[in-house]
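Asker: Below you'll find the structure I mean.
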2 protein chains.
Amino acid sequence: MREYYTITELTREFDISTRTLRFYEDEGLIQPVRRGRTRLFRPSDRHLIRQILRGKRLGFSINEIREIIQMYREPPGEVGQLKLMIKRIEEKREDLRQKRRDLEETIVELDNAEEACVERLAELGVNT
Amino acid sequence: MREYYTITELTREFDISTRTLRFYEDEGLIQPVRRGRTRLFRPSDRHLIRQILRGKRLGFSINEIREIIQMYREPPGEVGQLKLMIKRIEEKREDLRQKRRDLEETIVELDNAEEACVERLAELGVNT
DNA sequence: CCTGAAATTGACTTTTACGTAAATGCCGTC
DNA sequence: GACGGCATTTACGTAAAAGTCAATTTCAGG
């Protein structure tokens with residue numbers, strides 16, 4: 001496990017721009033340490049970036065991603081906070097389940113569409 | 001099966017604004033017929049709206065949704081076009097599979113986060 | 001110590017997906 | 001035939017999520 005990554009290493013690894021990483025820092029999603037003015041990204045920052053991008057691919061906004069990230073963090077010490085957090089986690093999970101249903105339905109529709117295309121090809125006497 | 005729906009019926013059913021439906025029409029996603037200047041939505045339009053909203057929940061942009069919708073349409077008559085469409089469908093499906101992986105991973109992480117919270121509650125002597 | 005590559009900040013611009021407001025049209029009814 | 005209520009069009013506004021550009025600054029290597 002490497003100790004630090006530079007900003008360009010990570011932009012190459014994840015195929016994003018430096019501007020994007022700085023934007024995420026401005027938004028408080030990541031907090032790389034500094035040597036002078038240069039950002040040094042730790043493995044934990046790298047993992048966070050991975051989670052951020054996953055959230056993005058799923059269509060979550062920055063604010064939603066921020067919420068999700070807070071859920072991954074160290075659980076709070078107070079009972080009320082803990083219960084609140086559990087509630088939030090369950091809400092997010094319901095959200096994800098809805099997405100999964102949407103996903104399955106969309107895949108089914110695409111399957112149908114493809115089958116229609118394949119059949120049409122067969123009618124035209126093309127061997128698939 | 002009803003013949004026509006008014007714009008407000010659909011806004012209520014799907015909890016969206018008239019502005020949104022007109023926007024989708026401007027974007028060429030739906031083409032309701034007209035009686036004078038008034039839009040009349042057919043069941044097929046209604047089904048399209050359902051698909052559009054599903055796409056939105058999955059984080060697709062209007063352009064991506066437009067592409068997906070074109071895939072649902074009547075398959076084209078020409079062999080080259082058919083093969084192209086099949087290719088596009090497969091690309092979209094790969095996209096959806098990536099989303100599914102993201103989804104599963106995110107759910108797992110949320111499960112872990114929740115478990116940590118529950119354990120922490122147990123440590124504090126709270127009965128869940 | 002110098003230089004060039006890489007990094008930084010800050011300001012401005014762009015795109016997407018609608019929201020909102022203003023002015024007007026159409027229609028059933030009282 | 002005026003009125004309420006829904007519908008329409010046109011036009012401008014806006015928030016989110018970066019992209020782009022310009023002007024420095026840092027720093028490792030020679």
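Residue numbering restarts at 1 in every chain; chains get A, B, ... in the order shown in the structure tokens, and ligands count up from 1 in that same order.
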Apply DSSP to the structure's backbone, then extract all residues of chain B labelled helix (DSSP H, G or I) and return them as a short mmCIF file (atom, residue, chain, number, x, y, z; two decimals) with C-alpha atoms, in the first residue's frame.
Answerer:
data_model
loop_
_atom_site.label_atom_id
_atom_site.label_comp_id
_atom_site.auth_asym_id
_atom_site.auth_seq_id
_atom_site.Cartn_x
_atom_site.Cartn_y
_atom_site.Cartn_z
CA ILE B 7 -51.51 17.00 -19.72
CA THR B 8 -52.61 17.64 -16.15
CA GLU B 9 -53.79 14.07 -15.66
CA LEU B 10 -50.31 12.89 -16.48
CA THR B 11 -48.59 15.53 -14.37
CA ARG B 12 -50.63 14.27 -11.41
CA GLU B 13 -50.02 10.63 -12.15
CA PHE B 14 -46.26 10.99 -12.46
CA THR B 18 -46.53 20.57 -17.34
CA ARG B 19 -43.31 22.40 -18.08
CA THR B 20 -41.47 19.10 -17.90
CA LEU B 21 -43.81 17.36 -20.32
CA ARG B 22 -43.60 20.24 -22.79
CA PHE B 23 -39.86 20.16 -22.40
CA TYR B 24 -39.79 16.46 -23.27
CA GLU B 25 -41.89 17.24 -26.30
CA ASP B 26 -39.50 20.03 -27.36
CA PRO B 43 -51.32 5.41 -23.98
CA SER B 44 -48.11 5.01 -25.95
CA ASP B 45 -47.06 8.52 -24.90
CA ARG B 46 -47.86 7.60 -21.32
CA HIS B 47 -45.68 4.52 -21.57
CA LEU B 48 -42.87 6.58 -23.05
CA ILE B 49 -43.09 8.98 -20.12
CA ARG B 50 -42.77 6.06 -17.77
CA GLN B 51 -39.60 4.98 -19.57
CA ILE B 52 -38.21 8.49 -19.59
CA LEU B 53 -38.67 8.84 -15.84
CA ARG B 54 -37.08 5.46 -15.27
CA GLY B 55 -34.09 6.58 -17.29
CA LYS B 56 -33.90 9.74 -15.25
CA ARG B 57 -33.91 7.86 -11.96
CA ILE B 62 -31.93 13.48 -21.88
CA ASN B 63 -29.68 12.61 -24.80
CA GLU B 64 -28.99 9.14 -23.43
CA ILE B 65 -32.69 8.66 -22.80
CA ARG B 66 -33.40 9.72 -26.36
CA GLU B 67 -30.99 7.05 -27.56
CA ILE B 68 -32.58 4.39 -25.40
CA ILE B 69 -36.04 5.35 -26.60
CA GLN B 70 -34.97 4.99 -30.20
CA MET B 71 -33.94 1.46 -29.37
CA TYR B 72 -37.42 0.63 -28.16
CA VAL B 79 -29.62 -4.86 -42.53
CA GLY B 80 -26.80 -2.41 -41.78
CA GLN B 81 -29.07 -0.33 -39.60
CA LEU B 82 -30.29 -3.39 -37.77
CA LYS B 83 -26.77 -4.55 -37.01
CA LEU B 84 -25.82 -1.07 -35.85
CA MET B 85 -28.83 -0.94 -33.58
CA ILE B 86 -28.00 -4.32 -32.06
CA LYS B 87 -24.50 -3.05 -31.38
CA ARG B 88 -25.84 0.06 -29.69
CA ILE B 89 -28.23 -1.98 -27.61
CA GLU B 90 -25.39 -4.14 -26.42
CA GLU B 91 -23.35 -1.09 -25.49
CA LYS B 92 -26.22 0.30 -23.45
CA ARG B 93 -26.62 -3.03 -21.76
CA GLU B 94 -22.97 -3.03 -20.80
CA ASP B 95 -23.55 0.40 -19.36
CA LEU B 96 -26.46 -0.92 -17.36
CA ARG B 97 -24.40 -3.85 -16.13
CA GLN B 98 -21.76 -1.42 -14.87
CA LYS B 99 -24.48 0.46 -13.04
CA ARG B 100 -25.66 -2.79 -11.52
CA ARG B 101 -22.18 -3.57 -10.24
CA ASP B 102 -21.95 -0.04 -8.81
CA LEU B 103 -25.31 -0.54 -7.22
CA GLU B 104 -24.42 -3.83 -5.58
CA GLU B 105 -21.15 -2.47 -4.24
CA THR B 106 -22.81 0.60 -2.85
CA ILE B 107 -25.48 -1.49 -1.16
CA VAL B 108 -22.77 -3.65 0.40
CA GLU B 109 -21.00 -0.58 1.74
CA LEU B 110 -24.21 0.77 3.16
CA ASP B 111 -24.87 -2.59 4.78
CA ASN B 112 -21.46 -2.42 6.42
CA ALA B 113 -22.04 1.13 7.57
CA GLU B 114 -25.36 0.18 9.09
CA GLU B 115 -23.89 -2.83 10.82
CA ALA B 116 -21.22 -0.63 12.35
CA CYS B 117 -23.94 1.67 13.66
CA VAL B 118 -25.96 -1.19 15.08
CA GLU B 119 -22.90 -2.64 16.80
CA ARG B 120 -22.06 0.74 18.24
CA LEU B 121 -25.60 0.97 19.60
CA ALA B 122 -25.22 -2.47 21.15
CA GLU B 123 -21.98 -1.40 22.82
#
Asker: Can you tell me which residues surround stretch 15-30 of chain C at a distance of at most 12 Å, considering only C-alpha atoms (C1' of nucleotides), apart from same-chain residues fewer than 3 positions away, and format the answer as a CSV table (one decimal) with C-alpha atoms (C1' of nucleotides), in the first residue's frame?
Answerer:
chain,number,residue,atom,x,y,z
B,16,ILE,CA,-44.1,16.1,-12.7
B,17,SER,CA,-44.9,19.6,-14.1
B,18,THR,CA,-46.5,20.6,-17.3
B,19,ARG,CA,-43.3,22.4,-18.1
B,20,THR,CA,-41.5,19.1,-17.9
B,21,LEU,CA,-43.8,17.4,-20.3
B,22,ARG,CA,-43.6,20.2,-22.8
B,23,PHE,CA,-39.9,20.2,-22.4
B,24,TYR,CA,-39.8,16.5,-23.3
B,27,GLU,CA,-36.7,17.5,-27.0
B,35,ARG,CA,-56.7,19.1,-30.9
B,36,GLY,CA,-56.3,22.7,-31.9
B,37,ARG,CA,-53.4,23.8,-29.7
B,38,THR,CA,-54.2,21.3,-26.9
B,56,LYS,CA,-33.9,9.7,-15.3
B,60,PHE,CA,-29.2,9.1,-17.7
B,61,SER,CA,-29.2,12.4,-19.5
B,62,ILE,CA,-31.9,13.5,-21.9
B,63,ASN,CA,-29.7,12.6,-24.8
D,1,DG,C1',-71.2,37.5,-22.3
D,2,DA,C1',-68.3,37.6,-18.4
D,3,DC,C1',-65.8,34.5,-15.6
D,4,DG,C1',-63.0,30.8,-13.8
D,5,DG,C1',-59.9,27.4,-14.9
D,6,DC,C1',-56.9,25.0,-17.6
D,7,DA,C1',-53.8,25.3,-21.7
D,8,DT,C1',-50.5,27.5,-24.6
D,9,DT,C1',-46.4,30.2,-26.2
D,10,DT,C1',-42.4,33.0,-25.5
D,11,DA,C1',-38.8,34.5,-23.0
D,12,DC,C1',-35.7,34.8,-19.4
D,13,DG,C1',-33.6,32.7,-15.1
D,14,DT,C1',-30.9,29.3,-12.4
D,15,DA,C1',-28.4,25.6,-10.0
D,16,DA,C1',-25.1,21.9,-10.5
D,17,DA,C1',-21.0,20.2,-12.2
D,18,DA,C1',-17.6,20.7,-14.3
D,19,DG,C1',-14.4,22.8,-18.5
Asker: Would you mind telling me which residue in B:Gly59, B:Leu40, B:Gly28, B:Gly77 lies nearest to chain A when using only C-alpha atoms?
Answerer: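 Comparing B:Gly59, B:Leu40, B:Gly28, B:Gly77 against chain A, the winner is B:Gly59.
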Asker: Run DSSP on the backbone and grab whatever in stretch 22-122 of chain B lands in strand (DSSP E or B); send it over as a ChimeraX atom specification.
Answerer: /B:33-35,38-41
Asker: Compute the chain C side of the contact with chain A at 9 Å, counting only C-alpha atoms (C1' of nucleotides), and hand it back as a PDB file with C-alpha atoms (C1' of nucleotides), in the first residue's frame.
Answerer:
ATOM      1  C1'  DA C   6       3.812  20.039 -13.155  1.00  0.00           C
ATOM      2  C1'  DA C   7       0.741  22.181  -9.783  1.00  0.00           C
ATOM      3  C1'  DT C   8      -1.979  25.874  -7.941  1.00  0.00           C
TER       4       DT C   8
END
Asker: Could you please determine the separation between atom C1' of D:DG29 and atom CA of A:Asp15 in Å, to one decimal place?
Answerer: 28.5 Å
Asker: So what do you get for atom CA of B:Tyr5 versus atom CA of B:Pro75, distance-wise?
Answerer: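 Interatomic distance, atom CA of B:Tyr5 to atom CA of B:Pro75: 27.0 Å.
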